[in-house]
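Novice: Got a file for you: work_6.cif, mmCIF, C-alpha atoms and all ligand atoms.
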```
data_model
#
loop_
_atom_site.label_atom_id
_atom_site.label_comp_id
_atom_site.auth_asym_id
_atom_site.auth_seq_id
_atom_site.Cartn_x
_atom_site.Cartn_y
_atom_site.Cartn_z
CA MET O 1 0.00 0.00 0.00
CA ASN O 2 1.21 3.49 -0.81
CA THR O 3 1.01 5.70 2.28
CA ARG O 4 0.36 9.39 1.60
CA VAL O 5 2.09 11.75 4.05
CA ILE O 6 0.69 15.27 4.41
CA GLN O 7 1.78 18.17 6.64
CA MET O 8 -0.68 20.08 8.79
CA GLN O 9 -0.08 22.29 11.81
CA GLU O 10 -2.74 23.26 14.32
CA ASP O 11 -2.68 26.90 13.23
CA GLN O 12 -2.70 26.10 9.50
CA ILE O 13 -5.49 23.70 8.73
CA ASP O 14 -5.94 23.01 5.05
CA GLN O 15 -9.64 22.24 4.56
CA ASP O 16 -9.16 20.40 1.26
CA LEU O 17 -6.48 18.08 2.61
CA LEU O 18 -8.53 17.52 5.72
CA ALA O 19 -11.60 16.65 3.65
CA ASP O 20 -9.45 14.07 1.80
CA ALA O 21 -8.34 12.55 5.09
CA GLY O 22 -11.89 12.48 6.45
CA GLN O 23 -13.07 10.76 3.30
CA VAL O 24 -10.38 8.10 3.59
CA ILE O 25 -11.71 7.24 7.05
CA GLN O 26 -15.36 7.36 5.95
CA GLN O 27 -14.54 4.96 3.15
CA GLY O 28 -13.04 2.51 5.61
CA GLY O 29 -9.38 3.53 5.36
CA ILE O 30 -6.86 4.33 8.09
CA VAL O 31 -5.27 7.74 8.76
CA ALA O 32 -2.60 8.48 11.40
CA PHE O 33 -3.00 11.90 13.04
CA PRO O 34 -1.48 14.04 15.80
CA THR O 35 -3.15 14.52 19.18
CA GLU O 36 -1.90 16.37 22.26
CA THR O 37 -0.71 13.08 23.82
CA VAL O 38 0.76 10.84 21.10
CA TYR O 39 -0.02 10.13 17.43
CA GLY O 40 -3.15 8.05 16.83
CA LEU O 41 -4.09 5.54 14.12
CA GLY O 42 -7.63 6.46 13.13
CA GLY O 43 -10.43 4.49 11.53
CA ASP O 44 -14.24 4.75 11.55
CA ALA O 45 -15.31 3.65 15.06
CA MET O 46 -18.72 2.53 13.77
CA LYS O 47 -17.30 0.13 11.16
CA GLU O 48 -16.26 -3.35 12.14
CA ALA O 49 -13.96 -3.61 9.13
CA SER O 50 -12.06 -0.47 10.14
CA ALA O 51 -11.24 -1.92 13.55
CA ALA O 52 -9.92 -5.04 11.84
CA LYS O 53 -7.69 -2.89 9.62
CA ILE O 54 -6.33 -1.00 12.64
CA TYR O 55 -5.49 -4.24 14.43
CA ALA O 56 -3.78 -5.57 11.30
CA ALA O 57 -1.74 -2.38 10.78
CA LYS O 58 -0.56 -2.39 14.38
CA GLY O 59 -0.06 -6.12 14.61
CA ARG O 60 -2.16 -5.85 17.77
CA PRO O 61 -4.21 -8.60 19.42
CA SER O 62 -7.87 -7.91 18.65
CA ASP O 63 -8.93 -8.30 22.30
CA ASN O 64 -7.27 -4.97 23.04
CA PRO O 65 -10.04 -2.36 22.77
CA LEU O 66 -9.74 0.96 20.95
CA ILE O 67 -10.52 4.47 22.22
CA VAL O 68 -13.35 6.24 20.37
CA HIS O 69 -12.34 9.86 19.70
CA ILE O 70 -15.10 12.45 19.51
CA SER O 71 -15.15 16.19 18.72
CA CYS O 72 -17.78 17.42 21.20
CA PRO O 73 -18.80 16.14 24.65
CA GLU O 74 -22.46 15.69 23.60
CA ASP O 75 -21.36 12.87 21.30
CA MET O 76 -20.69 10.70 24.36
CA LYS O 77 -24.42 9.96 24.24
CA GLN O 78 -24.04 8.41 20.79
CA VAL O 79 -21.47 5.83 21.89
CA ALA O 80 -22.55 5.19 25.49
CA ARG O 81 -25.74 3.39 26.56
CA GLU O 82 -26.00 5.76 29.48
CA VAL O 83 -23.81 8.67 30.47
CA PRO O 84 -23.46 9.22 34.23
CA GLU O 85 -23.45 12.76 35.61
CA SER O 86 -19.80 12.22 36.57
CA ALA O 87 -18.84 11.92 32.90
CA PHE O 88 -20.35 15.29 32.08
CA LEU O 89 -18.57 16.85 35.05
CA LEU O 90 -15.23 15.43 33.91
CA ALA O 91 -15.85 16.49 30.32
CA GLU O 92 -16.61 19.99 31.50
CA ALA O 93 -13.41 20.09 33.56
CA PHE O 94 -10.91 18.32 31.26
CA TRP O 95 -12.17 18.11 27.67
CA PRO O 96 -10.81 18.68 25.20
CA GLY O 97 -7.85 17.03 26.90
CA PRO O 98 -5.83 13.94 27.82
CA LEU O 99 -8.59 12.04 29.62
CA THR O 100 -10.34 8.88 28.42
CA MET O 101 -13.53 7.70 30.13
CA ILE O 102 -14.86 4.15 30.18
CA LEU O 103 -18.65 4.05 29.85
CA PRO O 104 -21.27 1.35 29.11
CA LYS O 105 -21.24 0.72 25.34
CA ALA O 106 -24.16 1.72 23.12
CA GLU O 107 -25.57 -0.95 20.80
CA ARG O 108 -24.40 0.82 17.64
CA VAL O 109 -20.69 0.67 18.53
CA PRO O 110 -19.37 -2.59 17.06
CA LEU O 111 -17.82 -5.10 19.45
CA ALA O 112 -14.82 -5.14 17.12
CA THR O 113 -14.06 -1.57 18.25
CA THR O 114 -14.30 -2.43 21.96
CA GLY O 115 -12.40 -5.71 21.73
CA GLY O 116 -15.55 -7.62 22.61
CA LEU O 117 -16.24 -5.59 25.77
CA ASP O 118 -19.62 -4.22 26.81
CA THR O 119 -17.94 -0.92 27.71
CA VAL O 120 -16.47 1.78 25.49
CA ALA O 121 -13.54 4.15 25.93
CA VAL O 122 -14.24 7.76 24.85
CA ARG O 123 -12.02 10.79 24.57
CA MET O 124 -12.10 14.29 23.09
CA PRO O 125 -8.51 15.24 22.23
CA ASP O 126 -7.09 18.74 22.64
CA HIS O 127 -5.62 19.19 19.18
CA ALA O 128 -7.12 21.32 16.42
CA VAL O 129 -6.07 18.92 13.62
CA ALA O 130 -7.45 15.90 15.47
CA LEU O 131 -10.77 17.62 16.24
CA ALA O 132 -11.20 18.82 12.67
CA LEU O 133 -10.36 15.37 11.30
CA ILE O 134 -12.87 13.68 13.62
CA ARG O 135 -15.60 16.03 12.36
CA GLU O 136 -14.67 15.41 8.71
CA ALA O 137 -14.63 11.66 9.32
CA GLY O 138 -18.19 11.58 10.62
CA GLY O 139 -17.65 12.21 14.32
CA PHE O 140 -16.39 8.89 15.71
CA VAL O 141 -12.78 7.89 15.15
CA ALA O 142 -11.38 4.76 16.80
CA ALA O 143 -7.69 5.32 17.40
CA PRO O 144 -4.97 3.49 19.27
CA SER O 145 -1.49 4.95 19.49
CA ALA O 146 0.11 4.87 16.01
CA ASN O 147 2.98 2.50 16.83
CA LEU O 148 3.46 -1.13 15.93
CA SER O 149 2.26 -3.24 18.85
CA GLY O 150 4.95 -3.38 21.54
CA ARG O 151 6.91 -0.33 20.36
CA PRO O 152 7.00 3.06 22.11
CA SER O 153 4.07 5.33 21.20
CA PRO O 154 5.09 7.89 18.55
CA THR O 155 5.60 11.49 19.63
CA LEU O 156 6.82 12.57 16.17
CA ALA O 157 5.49 11.81 12.68
CA LYS O 158 8.84 10.32 11.66
CA TYR O 159 8.24 7.50 14.15
CA VAL O 160 4.76 6.93 12.73
CA ILE O 161 6.31 6.72 9.26
CA GLU O 162 8.92 4.29 10.58
CA ASP O 163 6.25 1.94 11.95
CA MET O 164 3.33 2.48 9.54
CA ASP O 165 4.69 3.36 6.08
CA GLY O 166 3.09 0.99 3.60
CA ARG O 167 0.58 -0.32 6.18
CA ILE O 168 -2.01 2.51 6.22
CA ASP O 169 -3.56 5.00 3.77
CA MET O 170 -2.41 8.33 5.13
CA ILE O 171 -0.27 10.03 7.77
CA ILE O 172 -0.89 13.63 8.90
CA ASP O 173 2.38 15.12 10.10
CA GLY O 174 1.55 17.78 12.68
CA GLY O 175 4.99 18.03 14.25
CA ASP O 176 5.90 17.23 17.83
CA VAL O 177 3.07 16.31 20.20
CA GLY O 178 2.70 18.36 23.37
CA LEU O 179 2.51 15.85 26.22
CA GLY O 180 4.27 12.69 25.09
CA LEU O 181 2.40 10.13 27.23
CA GLU O 182 -1.00 8.60 26.50
CA SER O 183 -4.20 9.91 28.11
CA THR O 184 -5.29 9.05 31.64
CA ILE O 185 -7.99 6.36 31.54
CA VAL O 186 -10.73 6.46 34.18
CA ASP O 187 -13.40 3.78 34.45
CA LEU O 188 -16.79 5.25 35.38
CA THR O 189 -18.77 2.00 35.19
CA GLY O 190 -18.10 0.88 38.79
CA GLU O 191 -19.17 2.34 42.11
CA THR O 192 -15.96 4.31 42.62
CA PRO O 193 -14.22 5.81 39.58
CA MET O 194 -10.96 3.93 38.97
CA ILE O 195 -7.83 5.02 37.12
CA LEU O 196 -6.84 2.22 34.73
CA ARG O 197 -3.93 4.10 33.17
CA PRO O 198 -2.19 7.06 34.86
CA GLY O 199 -1.44 10.14 32.77
CA TYR O 200 -1.27 13.90 32.72
CA ILE O 201 -4.71 14.24 34.38
CA THR O 202 -3.85 13.04 37.87
CA ALA O 203 -5.88 11.29 40.58
CA GLY O 204 -5.87 14.55 42.54
CA MET O 205 -7.33 16.46 39.60
CA LEU O 206 -10.08 13.86 39.17
CA GLU O 207 -10.79 13.81 42.90
CA ALA O 208 -11.26 17.57 42.90
CA VAL O 209 -14.24 16.99 40.60
CA LEU O 210 -15.57 13.59 41.70
CA GLY O 211 -14.53 13.00 45.28
CA LYS O 212 -12.87 9.62 45.86
CA VAL O 213 -11.06 7.98 42.95
CA SER O 214 -9.22 4.65 43.19
CA MET O 215 -6.22 3.38 41.26
CA ASP O 216 -5.70 -0.01 39.60
CA GLN O 217 -2.69 -1.09 41.69
CA THR O 218 -1.70 -3.91 39.32
CA LEU O 219 -0.18 -1.14 37.17
CA PHE O 220 2.97 -1.11 39.26
CA CYS O 221 3.70 -4.78 39.72
CA GLY O 222 4.89 -7.15 37.04
CA ASP O 223 3.81 -10.40 38.64
CA CYS O 224 0.47 -9.61 40.26
CA ASP O 225 -2.01 -12.49 40.05
CA THR O 226 -4.76 -10.21 38.82
CA ALA O 227 -4.66 -8.80 35.29
CA PRO O 228 -4.89 -5.04 34.87
CA ARG O 229 -8.39 -3.82 34.04
CA ALA O 230 -7.44 -2.03 30.84
CA PRO O 231 -6.66 -5.00 28.62
CA GLY O 232 -3.89 -3.10 26.84
CA MET O 233 -1.96 -2.57 30.05
CA LYS O 234 -1.12 -6.27 30.34
CA TYR O 235 1.08 -6.41 27.28
CA ARG O 236 4.79 -5.65 27.39
CA HIS O 237 4.51 -2.31 25.75
CA TYR O 238 6.48 0.76 24.89
CA ALA O 239 9.48 -1.46 24.60
CA PRO O 240 12.77 -0.42 23.03
CA ARG O 241 14.72 -3.12 21.13
CA GLY O 242 17.60 -3.08 23.61
CA GLU O 243 17.18 -4.84 26.93
CA LEU O 244 16.12 -2.24 29.50
CA ARG O 245 16.69 -2.54 33.23
CA ILE O 246 15.83 -0.03 35.97
CA LEU O 247 18.21 0.35 38.90
CA CYS O 248 16.94 1.94 42.13
CA GLY O 249 18.69 2.96 45.30
CA SER O 250 20.69 5.88 46.63
CA ARG O 251 22.19 8.20 44.03
CA GLU O 252 25.77 7.14 44.82
CA GLN O 253 24.99 3.43 44.70
CA VAL O 254 22.96 3.62 41.50
CA THR O 255 25.46 5.71 39.55
CA ALA O 256 28.37 3.50 40.69
CA GLU O 257 26.52 0.28 39.86
CA ILE O 258 25.34 1.49 36.45
CA ASN O 259 28.87 2.61 35.57
CA ARG O 260 30.25 -0.77 36.69
CA ARG O 261 27.77 -2.61 34.48
CA VAL O 262 28.34 -0.26 31.55
CA THR O 263 32.05 -1.16 31.66
CA GLU O 264 31.28 -4.86 31.96
CA GLN O 265 28.70 -4.93 29.14
CA THR O 266 30.79 -2.73 26.85
CA ALA O 267 33.71 -5.14 27.28
CA ARG O 268 31.34 -7.91 26.16
CA GLY O 269 30.68 -6.04 22.95
CA GLU O 270 27.28 -4.61 23.88
CA LYS O 271 26.35 -1.08 22.87
CA VAL O 272 25.16 0.40 26.16
CA GLY O 273 22.74 3.26 26.75
CA VAL O 274 21.87 5.05 29.99
CA ILE O 275 18.71 7.01 30.84
CA ALA O 276 19.31 9.51 33.62
CA ALA O 277 17.85 12.64 35.10
CA ALA O 278 19.58 15.88 34.13
CA GLU O 279 20.97 16.13 37.65
CA THR O 280 22.97 12.91 37.30
CA ALA O 281 23.47 12.42 33.54
CA GLY O 282 27.00 13.81 33.82
CA TYR O 283 28.07 10.96 36.09
CA TYR O 284 27.87 8.26 33.41
CA GLN O 285 30.35 7.02 30.85
CA ALA O 286 28.48 4.98 28.24
CA ALA O 287 28.20 4.90 24.44
CA SER O 288 24.93 6.79 24.70
CA VAL O 289 23.79 8.74 27.77
CA LYS O 290 20.40 10.44 27.53
CA SER O 291 19.02 12.98 29.94
CA ALA O 292 15.27 12.81 30.47
CA GLY O 293 15.39 16.30 31.96
CA SER O 294 15.29 17.58 35.50
CA ARG O 295 13.63 15.66 38.32
CA GLN O 296 11.90 18.98 39.09
CA ASP O 297 10.15 18.88 35.70
CA GLU O 298 7.94 15.81 35.39
CA ALA O 299 6.14 17.19 32.34
CA GLY O 300 9.50 17.47 30.57
CA MET O 301 10.34 13.87 31.51
CA ALA O 302 6.98 12.66 30.20
CA GLN O 303 7.66 14.45 26.93
CA ALA O 304 11.13 12.93 26.59
CA LEU O 305 10.62 9.29 27.54
CA TYR O 306 9.29 7.69 24.35
CA ARG O 307 11.59 9.77 22.15
CA ILE O 308 14.58 8.52 24.13
CA LEU O 309 13.50 4.90 23.79
CA ARG O 310 13.14 5.34 20.03
CA GLU O 311 16.51 7.09 19.76
CA PHE O 312 18.22 4.13 21.42
CA ASP O 313 16.68 1.95 18.73
CA GLU O 314 17.99 4.26 16.00
CA GLU O 315 21.46 4.04 17.57
CA GLN O 316 21.15 0.25 17.80
CA VAL O 317 21.80 0.23 21.51
CA THR O 318 21.58 -3.33 22.82
CA VAL O 319 21.57 -2.86 26.61
CA ILE O 320 19.96 0.06 28.48
CA TYR O 321 20.18 1.00 32.14
CA SER O 322 17.81 3.56 33.58
CA GLU O 323 17.69 5.39 36.83
CA GLU O 324 14.27 5.45 38.42
CA LEU O 325 12.90 8.68 36.95
CA ALA O 326 9.92 9.21 39.21
CA GLY O 327 9.89 7.94 42.79
CA GLU O 328 7.41 5.65 44.49
CA ASP O 329 4.44 7.71 43.34
CA THR O 330 1.62 5.22 43.04
CA ALA O 331 -0.96 7.83 43.99
CA GLY O 332 -1.74 8.80 40.44
CA GLY O 333 0.29 11.93 39.79
CA LEU O 334 2.21 12.48 36.57
CA GLY O 335 5.11 10.73 38.32
CA ALA O 336 2.92 7.62 38.46
CA ALA O 337 2.43 7.81 34.71
CA ILE O 338 6.16 8.10 34.03
CA ARG O 339 6.93 5.30 36.48
CA ASN O 340 4.24 3.04 34.99
CA ARG O 341 5.46 3.55 31.37
CA LEU O 342 9.13 3.08 32.28
CA LEU O 343 8.28 -0.12 34.20
CA LYS O 344 6.37 -1.45 31.21
CA ALA O 345 9.17 -0.56 28.82
CA ALA O 346 11.50 -2.53 31.06
CA GLY O 347 9.10 -5.47 31.26
CA TYR O 348 9.07 -4.76 35.03
CA CYS O 349 12.77 -5.55 35.27
CA VAL O 350 13.76 -3.51 38.33
CA GLU O 351 16.68 -4.03 40.69
CA TYR O 352 17.09 -2.46 44.09
CA ILE O 353 20.77 -1.73 44.72
CA THR O 354 21.72 -1.92 48.37
CA GLY O 355 25.11 -1.47 49.99
O1 LIG O 401 -3.66 9.37 24.47
C1 LIG O 401 -4.26 8.39 24.04
O2 LIG O 401 -5.17 7.83 24.69
C2 LIG O 401 -3.86 7.84 22.68
C3 LIG O 401 -4.24 8.88 21.62
C4 LIG O 401 -4.00 8.40 20.23
O3 LIG O 401 -5.56 9.28 21.81
N1 LIG O 401 -4.47 6.58 22.41
C5 LIG O 401 -4.08 5.43 23.02
O4 LIG O 401 -4.73 4.29 22.58
O5 LIG O 401 -3.22 5.39 23.87
P1 LIG O 401 -4.19 2.82 22.86
O6 LIG O 401 -5.07 1.94 22.05
O7 LIG O 401 -2.76 2.73 22.61
O8 LIG O 401 -4.53 2.55 24.36
C6 LIG O 401 -5.87 2.37 24.75
C7 LIG O 401 -5.93 1.74 26.10
C8 LIG O 401 -5.55 0.27 26.08
O9 LIG O 401 -4.76 -0.04 27.22
C9 LIG O 401 -6.91 -0.40 26.16
O10 LIG O 401 -6.85 -1.68 26.73
C10 LIG O 401 -7.70 0.57 27.02
O11 LIG O 401 -7.28 1.81 26.54
N2 LIG O 401 -9.14 0.45 26.80
C11 LIG O 401 -9.83 0.77 25.68
N3 LIG O 401 -11.13 0.50 25.82
C12 LIG O 401 -11.30 0.00 27.07
C13 LIG O 401 -12.42 -0.49 27.82
N4 LIG O 401 -13.65 -0.51 27.31
N5 LIG O 401 -12.19 -0.93 29.08
C14 LIG O 401 -10.94 -0.89 29.61
N6 LIG O 401 -9.85 -0.46 28.95
C15 LIG O 401 -10.02 -0.02 27.70
MG MG O 402 -0.78 2.19 22.71
#
```
For the structure just supplied, provide its representation as structure tokens.
Ligand code: TXA
Ligand code: MG
Specialist:
Amino acid sequence: MNTRVIQMQEDQIDQDLLADAGQVIQQGGIVAFPTETVYGLGGDAMKEASAAKIYAAKGRPSDNPLIVHISCPEDMKQVAREVPESAFLLAEAFWPGPLTMILPKAERVPLATTGGLDTVAVRMPDHAVALALIREAGGFVAAPSANLSGRPSPTLAKYVIEDMDGRIDMIIDGGDVGLGLESTIVDLTGETPMILRPGYITAGMLEAVLGKVSMDQTLFCGDCDTAPRAPGMKYRHYAPRGELRILCGSREQVTAEINRRVTEQTARGEKVGVIAAAETAGYYQAASVKSAGSRQDEAGMAQALYRILREFDEEQVTVIYSEELAGEDTAGGLGAAIRNRLLKAAGYCVEYITG
């Protein structure tokens, strides 16, 4: 398949090109597009065949449900059987924005879109190109992140091209995304709202609107007996090609141990990469040392993480050591999102270095 790549920035929307893209989706094709979180791979959410094409392009298991992207909050009523008051309150507070809500599925949404589930994930993204595309496409665009299954989510169009060229109809290049980590997912179908995937919208922000919010604690342990509630969170995801390991402990112990292993692995012929905070990046001697930014700037770290993982792939790094970038935040702040994605990228391979 020949993949058409077009350029479109948020402040320069070309209506003709956008109409083309919308038509591709309406006719059952697949278009990758920018959002404020990561690039998405969009198809018509109301067409079973489109979901199948998305799964095929991603190489993704078809039991992993897709998020339905809408362009106005009212459209929740079209995809959900019933919309609780809490959903309208959250929409009012955070949409357009990086928040996905799980609601009971309406009959008309095909089970292929929801991976066979009786619930549906809905989000209104905060990106002018995405919103305009959704409208042109008929209002309901099913879109997972635009990476091949298992690879880091793309924060730049060049990574979408790398993974999807020849596999989909069109790619809209809108430049760098703003946030760099996928949306927060909150399940509103149970008694207490539950965060299934941490992100930029934190537990505290949700609690300010809803009162008590709980957190799916399986997100931080690799060998829990219970599966995470968002089916997609169970897969080893976001993974770079090199083997990634996270080392935790005091700053002195971690830097010394990483440097010791870098020397050892380099002598074995491995190409070694290190992910560090800006404060400590200068301590390492490895073939490739990447700073994820200051520990004081979690938003900057979130923005950098997937790009760094992809850059290691480009440099053909074979072994990667990472400092723990965000502490033991399991309470649902942005630190929790960074920690959760880094853990997943490492396949939960974490070592605690003690004296
Ligand atoms: O920021 C984002 O959300 C990006 C952009 C493109 O919008 N999209 C994204 O989609 O991250 P994806 O497919 O990579 O991740 C969707 C996650 C998966 O973990 C999936 O299992 C979960 O949402 N999910 C979708 N529908 C669900 C449902 N009905 N119940 C529970 N989890 C659901
Ligand atoms: Mg994804």
Novice: Show me, as a tab-separated table, the residues of chain O having an atom within 6 Å of ligand MG 402 (chain O), each with the closest atom pair and its distance in Å, using all atoms listed in the file.
Specialist:
```
residue	atom	partner	partner_atom	distance
O:Pro144	CA	O:MG402	MG	5.6
O:Ser145	CA	O:MG402	MG	4.3
O:Ser153	CA	O:MG402	MG	6.0
```
Novice: So, counting only C-alpha atoms, which residue among O:Glu48, O:Asp173, O:Asp75, O:Glu311 is closest to Ala112 (chain O)?
Specialist: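 The answer is O:Glu48, which sits nearest to Ala112 (chain O).
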Novice: For the atom pair CA of Gly139 (chain O) and CA of Met8 (chain O), what is the interatomic distance in Å to one decimal place?
Specialist: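 Those two atoms sit 19.5 Å apart.
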Novice: Using only C-alpha atoms, which of O:Val186, O:Ile195, O:Ala267, O:Val38 sits nearest His127 (chain O)?
Specialist: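 Distance minimum relative to His127 (chain O) lands on O:Val38.
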Novice: For CA of Asp169 (chain O) and CA of Thr3 (chain O), quote the distance in Å rounded to one decimal.
Specialist: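 We find that CA of Asp169 (chain O) and CA of Thr3 (chain O) lie 4.9 Å from each other.
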Novice: Gly166 (chain O): which residues within 12 Å, counting only C-alpha atoms, same-chain residues fewer than 4 positions away excluded, as JSON, numbers by chain?
Specialist: {"O": [1, 2, 3, 4, 5, 30, 31, 57, 58, 160, 161, 162, 170, 171]}
Novice: Using the partial input, fill out region 13-21 of chain O with all heavy atoms; write the result as a PDB file, keeping the file's coordinate frame.
Specialist:
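Output saved as result-v4.pdb:
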```
ATOM      1  N   ILE O  13      -4.722  24.856   9.180  1.00  0.00           N
ATOM      2  CA  ILE O  13      -5.490  23.700   8.730  1.00  0.00           C
ATOM      3  C   ILE O  13      -5.943  23.897   7.289  1.00  0.00           C
ATOM      4  O   ILE O  13      -6.570  24.897   6.966  1.00  0.00           O
ATOM      5  CB  ILE O  13      -6.672  23.447   9.688  1.00  0.00           C
ATOM      6  CG1 ILE O  13      -6.073  23.005  11.026  1.00  0.00           C
ATOM      7  CG2 ILE O  13      -7.619  22.409   9.116  1.00  0.00           C
ATOM      8  CD1 ILE O  13      -7.073  22.649  12.065  1.00  0.00           C
ATOM      9  N   ASP O  14      -5.570  22.951   6.459  1.00  0.00           N
ATOM     10  CA  ASP O  14      -5.940  23.010   5.050  1.00  0.00           C
ATOM     11  C   ASP O  14      -7.227  22.193   4.865  1.00  0.00           C
ATOM     12  O   ASP O  14      -7.212  20.967   4.981  1.00  0.00           O
ATOM     13  CB  ASP O  14      -4.784  22.422   4.221  1.00  0.00           C
ATOM     14  CG  ASP O  14      -5.084  22.435   2.733  1.00  0.00           C
ATOM     15  OD1 ASP O  14      -6.244  22.159   2.353  1.00  0.00           O
ATOM     16  OD2 ASP O  14      -4.152  22.709   1.957  1.00  0.00           O
ATOM     17  N   GLN O  15      -8.335  22.910   4.603  1.00  0.00           N
ATOM     18  CA  GLN O  15      -9.640  22.240   4.560  1.00  0.00           C
ATOM     19  C   GLN O  15      -9.728  21.160   3.492  1.00  0.00           C
ATOM     20  O   GLN O  15     -10.364  20.131   3.699  1.00  0.00           O
ATOM     21  CB  GLN O  15     -10.763  23.272   4.353  1.00  0.00           C
ATOM     22  CG  GLN O  15     -11.241  23.922   5.645  1.00  0.00           C
ATOM     23  CD  GLN O  15     -11.649  22.898   6.729  1.00  0.00           C
ATOM     24  OE1 GLN O  15     -12.127  21.805   6.428  1.00  0.00           O
ATOM     25  NE2 GLN O  15     -11.433  23.234   7.989  1.00  0.00           N
ATOM     26  N   ASP O  16      -9.074  21.388   2.337  1.00  0.00           N
ATOM     27  CA  ASP O  16      -9.160  20.400   1.260  1.00  0.00           C
ATOM     28  C   ASP O  16      -8.454  19.104   1.642  1.00  0.00           C
ATOM     29  O   ASP O  16      -8.984  18.003   1.467  1.00  0.00           O
ATOM     30  CB  ASP O  16      -8.544  20.955  -0.034  1.00  0.00           C
ATOM     31  CG  ASP O  16      -9.396  22.092  -0.597  1.00  0.00           C
ATOM     32  OD1 ASP O  16     -10.592  22.136  -0.248  1.00  0.00           O
ATOM     33  OD2 ASP O  16      -8.858  22.920  -1.352  1.00  0.00           O
ATOM     34  N   LEU O  17      -7.233  19.271   2.185  1.00  0.00           N
ATOM     35  CA  LEU O  17      -6.480  18.080   2.610  1.00  0.00           C
ATOM     36  C   LEU O  17      -7.235  17.340   3.714  1.00  0.00           C
ATOM     37  O   LEU O  17      -7.293  16.108   3.737  1.00  0.00           O
ATOM     38  CB  LEU O  17      -5.101  18.483   3.128  1.00  0.00           C
ATOM     39  CG  LEU O  17      -4.029  18.785   2.078  1.00  0.00           C
ATOM     40  CD1 LEU O  17      -2.737  19.222   2.764  1.00  0.00           C
ATOM     41  CD2 LEU O  17      -3.773  17.564   1.191  1.00  0.00           C
ATOM     42  N   LEU O  18      -7.814  18.123   4.612  1.00  0.00           N
ATOM     43  CA  LEU O  18      -8.530  17.520   5.720  1.00  0.00           C
ATOM     44  C   LEU O  18      -9.763  16.751   5.230  1.00  0.00           C
ATOM     45  O   LEU O  18     -10.074  15.664   5.728  1.00  0.00           O
ATOM     46  CB  LEU O  18      -8.968  18.622   6.686  1.00  0.00           C
ATOM     47  CG  LEU O  18      -9.217  18.153   8.091  1.00  0.00           C
ATOM     48  CD1 LEU O  18      -7.925  17.714   8.742  1.00  0.00           C
ATOM     49  CD2 LEU O  18      -9.838  19.278   8.890  1.00  0.00           C
ATOM     50  N   ALA O  19     -10.429  17.329   4.228  1.00  0.00           N
ATOM     51  CA  ALA O  19     -11.600  16.650   3.650  1.00  0.00           C
ATOM     52  C   ALA O  19     -11.160  15.323   3.030  1.00  0.00           C
ATOM     53  O   ALA O  19     -11.838  14.300   3.162  1.00  0.00           O
ATOM     54  CB  ALA O  19     -12.261  17.539   2.613  1.00  0.00           C
ATOM     55  N   ASP O  20      -9.994  15.323   2.359  1.00  0.00           N
ATOM     56  CA  ASP O  20      -9.450  14.070   1.800  1.00  0.00           C
ATOM     57  C   ASP O  20      -9.275  13.032   2.899  1.00  0.00           C
ATOM     58  O   ASP O  20      -9.672  11.874   2.759  1.00  0.00           O
ATOM     59  CB  ASP O  20      -8.060  14.307   1.186  1.00  0.00           C
ATOM     60  CG  ASP O  20      -8.129  14.992  -0.166  1.00  0.00           C
ATOM     61  OD1 ASP O  20      -9.260  15.254  -0.637  1.00  0.00           O
ATOM     62  OD2 ASP O  20      -7.049  15.261  -0.743  1.00  0.00           O
ATOM     63  N   ALA O  21      -8.637  13.483   3.999  1.00  0.00           N
ATOM     64  CA  ALA O  21      -8.340  12.550   5.090  1.00  0.00           C
ATOM     65  C   ALA O  21      -9.631  12.008   5.697  1.00  0.00           C
ATOM     66  O   ALA O  21      -9.752  10.809   5.974  1.00  0.00           O
ATOM     67  CB  ALA O  21      -7.502  13.251   6.156  1.00  0.00           C
TER      68      ALA O  21
END
```
